[in-house]
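Undergrad: To be precise about what I am sending: the file is called run20.cif and holds mmCIF, C-alpha atoms; chains and numbers go by the auth columns.
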```cif
data_start
loop_
_atom_site.group_PDB
_atom_site.id
_atom_site.type_symbol
_atom_site.label_atom_id
_atom_site.label_comp_id
_atom_site.label_asym_id
_atom_site.label_seq_id
_atom_site.Cartn_x
_atom_site.Cartn_y
_atom_site.Cartn_z
_atom_site.B_iso_or_equiv
_atom_site.auth_seq_id
_atom_site.auth_asym_id
ATOM 1 C CA MET A 1 -9.138 1.061 21.903 0.00 1 A
ATOM 2 C CA ALA A 2 -10.957 4.380 21.694 0.00 2 A
ATOM 3 C CA ILE A 3 -11.037 5.890 18.249 0.00 3 A
ATOM 4 C CA LEU A 4 -11.072 9.661 18.144 0.00 4 A
ATOM 5 C CA THR A 5 -13.567 11.336 15.876 0.00 5 A
ATOM 6 C CA THR A 6 -12.048 14.790 16.144 0.00 6 A
ATOM 7 C CA PRO A 7 -8.434 15.925 16.065 0.00 7 A
ATOM 8 C CA ASP A 8 -6.744 15.753 19.455 0.00 8 A
ATOM 9 C CA PRO A 9 -4.621 18.876 20.106 0.00 9 A
ATOM 10 C CA THR A 10 -2.409 16.898 22.477 0.00 10 A
ATOM 11 C CA ARG A 11 -1.659 14.408 19.696 0.00 11 A
ATOM 12 C CA PRO A 12 -1.133 16.440 16.508 0.00 12 A
ATOM 13 C CA ARG A 13 -1.137 14.458 13.271 0.00 13 A
ATOM 14 C CA CYS A 14 -0.155 14.929 9.666 0.00 14 A
ATOM 15 C CA ALA A 15 -2.732 17.176 7.983 0.00 15 A
ATOM 16 C CA TRP A 16 -4.019 14.397 5.682 0.00 16 A
ATOM 17 C CA ALA A 17 -4.892 12.220 8.678 0.00 17 A
ATOM 18 C CA GLN A 18 -7.256 14.585 10.465 0.00 18 A
ATOM 19 C CA ALA A 19 -10.364 14.110 8.316 0.00 19 A
ATOM 20 C CA ASP A 20 -12.073 11.314 10.247 0.00 20 A
ATOM 21 C CA ALA A 21 -11.589 8.508 12.752 0.00 21 A
ATOM 22 C CA MET A 22 -10.706 5.936 10.098 0.00 22 A
ATOM 23 C CA MET A 23 -7.908 8.095 8.675 0.00 23 A
ATOM 24 C CA MET A 24 -6.639 8.961 12.155 0.00 24 A
ATOM 25 C CA ALA A 25 -6.530 5.294 13.172 0.00 25 A
ATOM 26 C CA TYR A 26 -4.728 4.326 9.963 0.00 26 A
ATOM 27 C CA HIS A 27 -2.189 7.122 10.475 0.00 27 A
ATOM 28 C CA ASP A 28 -1.648 6.368 14.156 0.00 28 A
ATOM 29 C CA ASN A 29 -1.392 2.583 13.920 0.00 29 A
ATOM 30 C CA GLU A 30 -0.233 1.642 10.425 0.00 30 A
ATOM 31 C CA TRP A 31 1.091 4.329 8.094 0.00 31 A
ATOM 32 C CA GLY A 32 4.849 4.571 8.139 0.00 32 A
ATOM 33 C CA GLN A 33 5.392 1.567 10.408 0.00 33 A
ATOM 34 C CA PRO A 34 8.222 -0.560 8.947 0.00 34 A
ATOM 35 C CA VAL A 35 6.798 -3.699 7.336 0.00 35 A
ATOM 36 C CA HIS A 36 9.234 -6.535 6.582 0.00 36 A
ATOM 37 C CA ASP A 37 6.748 -9.313 5.863 0.00 37 A
ATOM 38 C CA SER A 38 6.735 -10.120 2.133 0.00 38 A
ATOM 39 C CA ARG A 39 3.069 -11.011 1.890 0.00 39 A
ATOM 40 C CA MET A 40 2.006 -7.929 3.811 0.00 40 A
ATOM 41 C CA LEU A 41 4.202 -5.734 1.618 0.00 41 A
ATOM 42 C CA TRP A 42 2.510 -7.237 -1.447 0.00 42 A
ATOM 43 C CA GLU A 43 -0.923 -6.533 0.063 0.00 43 A
ATOM 44 C CA MET A 44 0.086 -2.938 0.723 0.00 44 A
ATOM 45 C CA LEU A 45 1.315 -2.549 -2.856 0.00 45 A
ATOM 46 C CA VAL A 46 -2.009 -3.897 -4.141 0.00 46 A
ATOM 47 C CA LEU A 47 -3.934 -1.430 -1.982 0.00 47 A
ATOM 48 C CA GLU A 48 -1.776 1.461 -3.161 0.00 48 A
ATOM 49 C CA SER A 49 -2.407 0.474 -6.783 0.00 49 A
ATOM 50 C CA PHE A 50 -6.154 0.445 -6.127 0.00 50 A
ATOM 51 C CA GLN A 51 -5.838 3.955 -4.688 0.00 51 A
ATOM 52 C CA ALA A 52 -4.588 5.461 -7.974 0.00 52 A
ATOM 53 C CA GLY A 53 -6.994 8.215 -8.961 0.00 53 A
ATOM 54 C CA LEU A 54 -9.034 7.814 -5.777 0.00 54 A
ATOM 55 C CA SER A 55 -8.771 8.941 -2.180 0.00 55 A
ATOM 56 C CA TRP A 56 -7.065 6.757 0.395 0.00 56 A
ATOM 57 C CA ARG A 57 -10.286 6.950 2.406 0.00 57 A
ATOM 58 C CA THR A 58 -12.031 5.082 -0.432 0.00 58 A
ATOM 59 C CA VAL A 59 -9.443 2.300 -0.263 0.00 59 A
ATOM 60 C CA LEU A 60 -9.683 2.035 3.529 0.00 60 A
ATOM 61 C CA ARG A 61 -13.461 1.741 3.294 0.00 61 A
ATOM 62 C CA ARG A 62 -13.080 -1.082 0.767 0.00 62 A
ATOM 63 C CA ARG A 63 -10.043 -2.790 2.311 0.00 63 A
ATOM 64 C CA GLU A 64 -11.930 -5.640 3.995 0.00 64 A
ATOM 65 C CA GLY A 65 -13.944 -6.246 0.842 0.00 65 A
ATOM 66 C CA LEU A 66 -10.734 -6.308 -1.191 0.00 66 A
ATOM 67 C CA ARG A 67 -9.171 -8.771 1.265 0.00 67 A
ATOM 68 C CA ALA A 68 -12.158 -11.085 1.000 0.00 68 A
ATOM 69 C CA ALA A 69 -12.433 -10.814 -2.786 0.00 69 A
ATOM 70 C CA PHE A 70 -8.702 -11.408 -3.296 0.00 70 A
ATOM 71 C CA ALA A 71 -8.477 -14.522 -1.102 0.00 71 A
ATOM 72 C CA GLY A 72 -6.990 -12.763 1.914 0.00 72 A
ATOM 73 C CA PHE A 73 -4.299 -11.352 -0.380 0.00 73 A
ATOM 74 C CA ASP A 74 -2.729 -14.782 -0.674 0.00 74 A
ATOM 75 C CA PRO A 75 -0.475 -14.328 -3.726 0.00 75 A
ATOM 76 C CA ASP A 76 -0.502 -18.055 -4.543 0.00 76 A
ATOM 77 C CA ARG A 77 -4.295 -18.129 -4.699 0.00 77 A
ATOM 78 C CA VAL A 78 -4.623 -14.817 -6.545 0.00 78 A
ATOM 79 C CA ALA A 79 -2.006 -15.919 -9.101 0.00 79 A
ATOM 80 C CA ARG A 80 -4.380 -18.738 -10.078 0.00 80 A
ATOM 81 C CA PHE A 81 -7.309 -16.384 -10.742 0.00 81 A
ATOM 82 C CA ASP A 82 -8.640 -16.585 -14.289 0.00 82 A
ATOM 83 C CA ALA A 83 -11.167 -14.813 -16.535 0.00 83 A
ATOM 84 C CA VAL A 84 -14.071 -16.184 -14.485 0.00 84 A
ATOM 85 C CA ASP A 85 -12.534 -14.711 -11.335 0.00 85 A
ATOM 86 C CA GLU A 86 -11.982 -11.413 -13.118 0.00 86 A
ATOM 87 C CA GLU A 87 -15.678 -11.220 -13.979 0.00 87 A
ATOM 88 C CA ARG A 88 -16.619 -12.211 -10.422 0.00 88 A
ATOM 89 C CA LEU A 89 -14.464 -9.377 -9.131 0.00 89 A
ATOM 90 C CA MET A 90 -15.955 -6.901 -11.602 0.00 90 A
ATOM 91 C CA ALA A 91 -19.391 -7.740 -10.181 0.00 91 A
ATOM 92 C CA ASP A 92 -18.340 -7.507 -6.504 0.00 92 A
ATOM 93 C CA PRO A 93 -19.785 -4.337 -4.923 0.00 93 A
ATOM 94 C CA ARG A 94 -17.415 -4.625 -1.924 0.00 94 A
ATOM 95 C CA ILE A 95 -14.375 -3.660 -3.988 0.00 95 A
ATOM 96 C CA ILE A 96 -13.152 -0.964 -6.354 0.00 96 A
ATOM 97 C CA ARG A 97 -14.275 -2.387 -9.675 0.00 97 A
ATOM 98 C CA ALA A 98 -11.623 -1.194 -12.096 0.00 98 A
ATOM 99 C CA ARG A 99 -10.683 -3.859 -14.624 0.00 99 A
ATOM 100 C CA ALA A 100 -7.140 -2.576 -15.145 0.00 100 A
ATOM 101 C CA LYS A 101 -6.495 -2.640 -11.389 0.00 101 A
ATOM 102 C CA ILE A 102 -8.007 -6.116 -11.017 0.00 102 A
ATOM 103 C CA ARG A 103 -5.905 -7.462 -13.888 0.00 103 A
ATOM 104 C CA ALA A 104 -2.797 -5.801 -12.477 0.00 104 A
ATOM 105 C CA THR A 105 -3.434 -7.384 -9.067 0.00 105 A
ATOM 106 C CA ILE A 106 -3.697 -10.850 -10.610 0.00 106 A
ATOM 107 C CA GLY A 107 -0.602 -10.235 -12.724 0.00 107 A
ATOM 108 C CA ASN A 108 1.277 -8.822 -9.747 0.00 108 A
ATOM 109 C CA ALA A 109 0.458 -11.940 -7.734 0.00 109 A
ATOM 110 C CA ARG A 110 2.014 -13.966 -10.550 0.00 110 A
ATOM 111 C CA ALA A 111 5.082 -11.698 -10.550 0.00 111 A
ATOM 112 C CA TYR A 112 5.387 -12.063 -6.761 0.00 112 A
ATOM 113 C CA VAL A 113 5.165 -15.871 -7.002 0.00 113 A
ATOM 114 C CA THR A 114 7.704 -15.918 -9.845 0.00 114 A
ATOM 115 C CA MET A 115 10.142 -13.876 -7.756 0.00 115 A
ATOM 116 C CA ARG A 116 9.679 -16.108 -4.741 0.00 116 A
ATOM 117 C CA ASP A 117 9.993 -19.307 -6.753 0.00 117 A
ATOM 118 C CA ALA A 118 13.223 -17.962 -8.269 0.00 118 A
ATOM 119 C CA GLY A 119 14.589 -17.426 -4.744 0.00 119 A
ATOM 120 C CA GLU A 120 14.041 -13.657 -4.540 0.00 120 A
ATOM 121 C CA ASP A 121 12.208 -12.681 -1.358 0.00 121 A
ATOM 122 C CA PHE A 122 9.894 -9.716 -1.927 0.00 122 A
ATOM 123 C CA ALA A 123 10.737 -7.995 1.372 0.00 123 A
ATOM 124 C CA THR A 124 14.469 -8.440 0.859 0.00 124 A
ATOM 125 C CA PHE A 125 14.124 -7.000 -2.645 0.00 125 A
ATOM 126 C CA ALA A 126 12.034 -4.004 -1.511 0.00 126 A
ATOM 127 C CA TRP A 127 14.133 -3.064 1.508 0.00 127 A
ATOM 128 C CA GLY A 128 17.310 -3.725 -0.478 0.00 128 A
ATOM 129 C CA MET A 129 16.282 -0.866 -2.753 0.00 129 A
ATOM 130 C CA VAL A 130 16.304 1.440 0.296 0.00 130 A
ATOM 131 C CA PRO A 131 19.506 0.534 2.174 0.00 131 A
ATOM 132 C CA ALA A 132 19.425 3.716 4.273 0.00 132 A
ATOM 133 C CA ALA A 133 15.786 3.234 5.291 0.00 133 A
ATOM 134 C CA PRO A 134 13.916 5.011 6.443 0.00 134 A
ATOM 135 C CA VAL A 135 14.634 7.754 3.948 0.00 135 A
ATOM 136 C CA ARG A 136 13.599 11.054 5.464 0.00 136 A
ATOM 137 C CA ASN A 137 11.882 13.652 3.351 0.00 137 A
ATOM 138 C CA LEU A 138 13.748 16.795 4.337 0.00 138 A
ATOM 139 C CA SER A 139 12.451 18.867 1.422 0.00 139 A
ATOM 140 C CA GLY A 140 9.882 20.685 3.551 0.00 140 A
ATOM 141 C CA ARG A 141 7.145 19.796 1.076 0.00 141 A
ATOM 142 C CA VAL A 142 4.883 16.861 0.397 0.00 142 A
ATOM 143 C CA LEU A 143 6.327 14.755 -2.404 0.00 143 A
ATOM 144 C CA ALA A 144 4.357 12.633 -4.852 0.00 144 A
ATOM 145 C CA SER A 145 7.410 10.738 -6.068 0.00 145 A
ATOM 146 C CA SER A 146 11.183 10.734 -5.881 0.00 146 A
ATOM 147 C CA ASP A 147 14.184 9.406 -7.754 0.00 147 A
ATOM 148 C CA LEU A 148 14.109 6.434 -5.394 0.00 148 A
ATOM 149 C CA SER A 149 10.430 5.705 -6.091 0.00 149 A
ATOM 150 C CA SER A 150 11.154 5.929 -9.819 0.00 150 A
ATOM 151 C CA ALA A 151 13.923 3.344 -9.368 0.00 151 A
ATOM 152 C CA MET A 152 11.626 1.158 -7.257 0.00 152 A
ATOM 153 C CA ALA A 153 8.860 1.331 -9.871 0.00 153 A
ATOM 154 C CA ALA A 154 11.315 0.442 -12.647 0.00 154 A
ATOM 155 C CA ALA A 155 12.658 -2.512 -10.634 0.00 155 A
ATOM 156 C CA LEU A 156 9.124 -3.755 -9.963 0.00 156 A
ATOM 157 C CA ARG A 157 8.168 -3.424 -13.639 0.00 157 A
ATOM 158 C CA ALA A 158 11.340 -5.284 -14.632 0.00 158 A
ATOM 159 C CA ARG A 159 10.071 -8.161 -12.484 0.00 159 A
ATOM 160 C CA GLY A 160 6.693 -8.162 -14.233 0.00 160 A
ATOM 161 C CA PHE A 161 4.658 -5.897 -11.951 0.00 161 A
ATOM 162 C CA ARG A 162 2.121 -3.524 -13.488 0.00 162 A
ATOM 163 C CA PHE A 163 0.255 -0.450 -12.282 0.00 163 A
ATOM 164 C CA VAL A 164 3.315 0.525 -10.219 0.00 164 A
ATOM 165 C CA GLY A 165 4.561 3.904 -11.367 0.00 165 A
ATOM 166 C CA PRO A 166 6.731 6.251 -9.296 0.00 166 A
ATOM 167 C CA VAL A 167 3.734 7.827 -7.489 0.00 167 A
ATOM 168 C CA ILE A 168 2.283 4.472 -6.409 0.00 168 A
ATOM 169 C CA ALA A 169 5.770 3.264 -5.449 0.00 169 A
ATOM 170 C CA TYR A 170 6.338 6.378 -3.334 0.00 170 A
ATOM 171 C CA ALA A 171 3.003 6.016 -1.533 0.00 171 A
ATOM 172 C CA TRP A 172 3.782 2.340 -0.907 0.00 172 A
ATOM 173 C CA MET A 173 7.247 3.171 0.430 0.00 173 A
ATOM 174 C CA GLN A 174 5.708 5.765 2.778 0.00 174 A
ATOM 175 C CA ALA A 175 3.027 3.366 4.005 0.00 175 A
ATOM 176 C CA ALA A 176 5.531 0.535 4.563 0.00 176 A
ATOM 177 C CA GLY A 177 8.004 2.704 6.475 0.00 177 A
ATOM 178 C CA MET A 178 10.732 2.828 3.838 0.00 178 A
ATOM 179 C CA VAL A 179 10.226 6.590 3.590 0.00 179 A
ATOM 180 C CA HIS A 180 9.551 8.637 6.726 0.00 180 A
ATOM 181 C CA ASP A 181 7.181 11.396 5.700 0.00 181 A
ATOM 182 C CA HIS A 182 5.375 12.363 8.893 0.00 182 A
ATOM 183 C CA GLU A 183 5.096 16.133 9.119 0.00 183 A
ATOM 184 C CA PRO A 184 7.435 17.817 11.641 0.00 184 A
ATOM 185 C CA GLY A 185 4.525 18.733 13.963 0.00 185 A
ATOM 186 C CA CYS A 186 3.101 15.205 13.934 0.00 186 A
ATOM 187 C CA PHE A 187 3.397 13.096 17.086 0.00 187 A
ATOM 188 C CA ARG A 188 4.773 10.270 14.924 0.00 188 A
ATOM 189 C CA HIS A 189 7.506 12.436 13.423 0.00 189 A
ATOM 190 C CA SER A 190 10.981 11.559 14.525 0.00 190 A
ATOM 191 C CA PRO A 191 13.980 13.695 13.636 0.00 191 A
ATOM 192 C CA ALA A 192 16.860 12.184 11.691 0.00 192 A
#
```
Just dump the structure as structure tokens.
TA:
Amino acid sequence: MAILTTPDPTRPRCAWAQADAMMMAYHDNEWGQPVHDSRMLWEMLVLESFQAGLSWRTVLRRREGLRAAFAGFDPDRVARFDAVDEERLMADPRIIRARAKIRATIGNARAYVTMRDAGEDFATFAWGMVPAAPVRNLSGRVLASSDLSSAMAAALRARGFRFVGPVIAYAWMQAAGMVHDHEPGCFRHSPA
């Protein structure tokens, strides 16, 4: 597959996705595509939490390192990480070394496993919060959060998740296709 390095006027994209080939490829092939796999949704939530305070480009550049460091984002394995693993992760130059984010990822793996072991499927939970998915942003402006993302964040926190405020929840919902936020001129935009 050819990766463009400059914007293609015949394939207009959301403004945020025109910076470089990596962002264009992510936009074109991943962002906003509905994801119904529980483990993949958890991985996406972890990546969104690592993005807090940083650019998405930074996360994309570190994504493979994060996958390797966090055992392929296997929640069962990550849930068993301990203080030794935390220190190993803090020393790993392939990842974003933020202790609060690392601890939240380990804790969120435990929350995910607890939900699953109690019979609550993560994908069913997430998509159940958005019964009319995809929600379309018709405001005409780029949102950072919404009432729905606030409810999602509260529901996640009630299940033991951390580092999941309304802004992270909204970005996650956009990335996973629960919210359709492609700009009207974007080739991926689809009207209601």
Undergrad: Which one is closest to Leu156 (chain A): A:Leu45, A:Val78, A:Ile95, A:Met90? Count all atoms listed in the file.
TA: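 With all atoms listed in the file as the atom set, the closest residue is A:Leu45.
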Undergrad: Kindly indicate which residue among A:Pro134, A:Gly72, A:Leu60, A:Ala52 lies nearest to Gly165 (chain A), using only C-alpha atoms for the distances.
TA: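 Ranked by minimum distance to Gly165 (chain A), first place goes to A:Ala52.
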Undergrad: Pick out the closest residue to Ala132 (chain A) from this set: A:Cys14, A:Met178, A:Val35, A:Val167. Count only C-alpha atoms.
TA: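 Closest candidate: A:Met178.
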Undergrad: Write out as a VMD selection string each polymer residue whose atoms come within 10 Å of Ala104 (chain A), counting only C-alpha atoms; drop sequence neighbours fewer than 6 positions from it.
TA: chain A and resid 46 49 to 50 98 110 160 to 164
Undergrad: Just say which residues the PyMOL selection byres ((chain A and resi 75) around 9) picks in this file, as a PyMOL selection string.
TA: chain A and resi 39+42-43+70-74+76-80+106+108-110+112-113
Undergrad: Could the residues in this selection be saved with C-alpha atoms as a tab-separated table (two decimals), in the frame of the given file?
TA:
```
chain	number	residue	atom	x	y	z
A	39	ARG	CA	3.07	-11.01	1.89
A	42	TRP	CA	2.51	-7.24	-1.45
A	43	GLU	CA	-0.92	-6.53	0.06
A	70	PHE	CA	-8.70	-11.41	-3.30
A	71	ALA	CA	-8.48	-14.52	-1.10
A	72	GLY	CA	-6.99	-12.76	1.91
A	73	PHE	CA	-4.30	-11.35	-0.38
A	74	ASP	CA	-2.73	-14.78	-0.67
A	76	ASP	CA	-0.50	-18.06	-4.54
A	77	ARG	CA	-4.30	-18.13	-4.70
A	78	VAL	CA	-4.62	-14.82	-6.54
A	79	ALA	CA	-2.01	-15.92	-9.10
A	80	ARG	CA	-4.38	-18.74	-10.08
A	106	ILE	CA	-3.70	-10.85	-10.61
A	108	ASN	CA	1.28	-8.82	-9.75
A	109	ALA	CA	0.46	-11.94	-7.73
A	110	ARG	CA	2.01	-13.97	-10.55
A	112	TYR	CA	5.39	-12.06	-6.76
A	113	VAL	CA	5.16	-15.87	-7.00
```
Undergrad: If I take CA of Gln18 (chain A) and CA of Arg141 (chain A), how far is one from the other in Å, to one decimal?
TA: 18.0 Å
Undergrad: From the list A:Lys101, A:Ser38, A:Arg13, A:Asp147, which residue is nearest Arg116 (chain A) when using all atoms listed in the file?
TA: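 Closest residue, counting all atoms listed in the file: A:Ser38.
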Undergrad: Determine the residue membership of the PyMOL selection byres ((chain A and resi 179) around 7) for the file above and supply it as a list of chain:residue names.
TA: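 This file gives the following for the PyMOL selection byres ((chain A and resi 179) around 7): A:Ala133, A:Pro134, A:Val135, A:Arg136, A:Met173, A:Gln174, A:Gly177, A:Met178, A:His180, A:Asp181.
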Undergrad: For CA of Gly128 (chain A) and CA of Tyr26 (chain A), quote the distance in Å rounded to one decimal.
TA: 25.7 Å
Undergrad: Would you list the contacts of Glu87 (chain A) as a list of chain:residue names, taking every protein, DNA or RNA residue within 12 Å and counting all atoms listed in the file, but skipping same-chain residues closer than 5 positions in sequence?
TA: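 Close residues of Glu87 (chain A): A:Ala69, A:Phe81, A:Asp82, A:Asp92, A:Arg97, A:Ala98, A:Arg99, A:Ile102, A:Arg103.
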Undergrad: Counting only C-alpha atoms, find residues at most 12 Å from (-14.2, 1.9, 8.8) (file frame) and give them as a PyMOL selection string.
TA: chain A and resi 3+5+20-26+57-65
Undergrad: Between A:Gly32, A:Pro93, A:Leu148, A:His27, which one has atoms that come closest to Pro131 (chain A), using all atoms listed in the file?
TA: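 Closest to Pro131 (chain A), using all atoms listed in the file: A:Leu148.
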Undergrad: Identify which of the residues A:Pro12, A:Pro191, A:Pro166, A:Gly107 lies closest to Ala154 (chain A), counting only C-alpha atoms when measuring atom-to-atom distances.
TA: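 Looking only at the distances to Ala154 (chain A), the closest residue turns out to be A:Pro166.
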Undergrad: Could you give me, as a PyMOL selection string, the residues that have an atom at most 8 Å away from the point (14.5, -2.1, -5.7) in the coordinates of the file, using all atoms listed in the file?
TA: chain A and resi 125-130+151-153+155-156
Undergrad: Those selected residues, please, written with C-alpha atoms and delivered as a PDB file, in the coordinates of the input.
TA:
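As a result, out-v6.pdb now contains:
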```
ATOM      1  CA  PHE A 125      14.124  -7.000  -2.645  1.00  0.00           C
ATOM      2  CA  ALA A 126      12.034  -4.004  -1.511  1.00  0.00           C
ATOM      3  CA  TRP A 127      14.133  -3.064   1.508  1.00  0.00           C
ATOM      4  CA  GLY A 128      17.310  -3.725  -0.478  1.00  0.00           C
ATOM      5  CA  MET A 129      16.282  -0.866  -2.753  1.00  0.00           C
ATOM      6  CA  VAL A 130      16.304   1.440   0.296  1.00  0.00           C
ATOM      7  CA  ALA A 151      13.923   3.344  -9.368  1.00  0.00           C
ATOM      8  CA  MET A 152      11.626   1.158  -7.257  1.00  0.00           C
ATOM      9  CA  ALA A 153       8.860   1.331  -9.871  1.00  0.00           C
ATOM     10  CA  ALA A 155      12.658  -2.512 -10.634  1.00  0.00           C
ATOM     11  CA  LEU A 156       9.124  -3.755  -9.963  1.00  0.00           C
TER      12      LEU A 156
END
```
Undergrad: Padding of 8 Å on every side, edges along x, y and z, all listed atoms of region 72-87 of chain A included: what centre and edge lengths in Å, to one decimal, does that box have, as AutoDock Vina command-line options?
TA:
```
--center_x -8.1 --center_y -15.0 --center_z -7.3 --size_x 31.2 --size_y 23.5 --size_z 34.4
```
Undergrad: Do you have the CA of Leu66 (chain A)-CA of Thr105 (chain A) distance handy?
TA: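 So the two atoms, CA of Leu66 (chain A) and CA of Thr105 (chain A), lie 10.8 Å apart.
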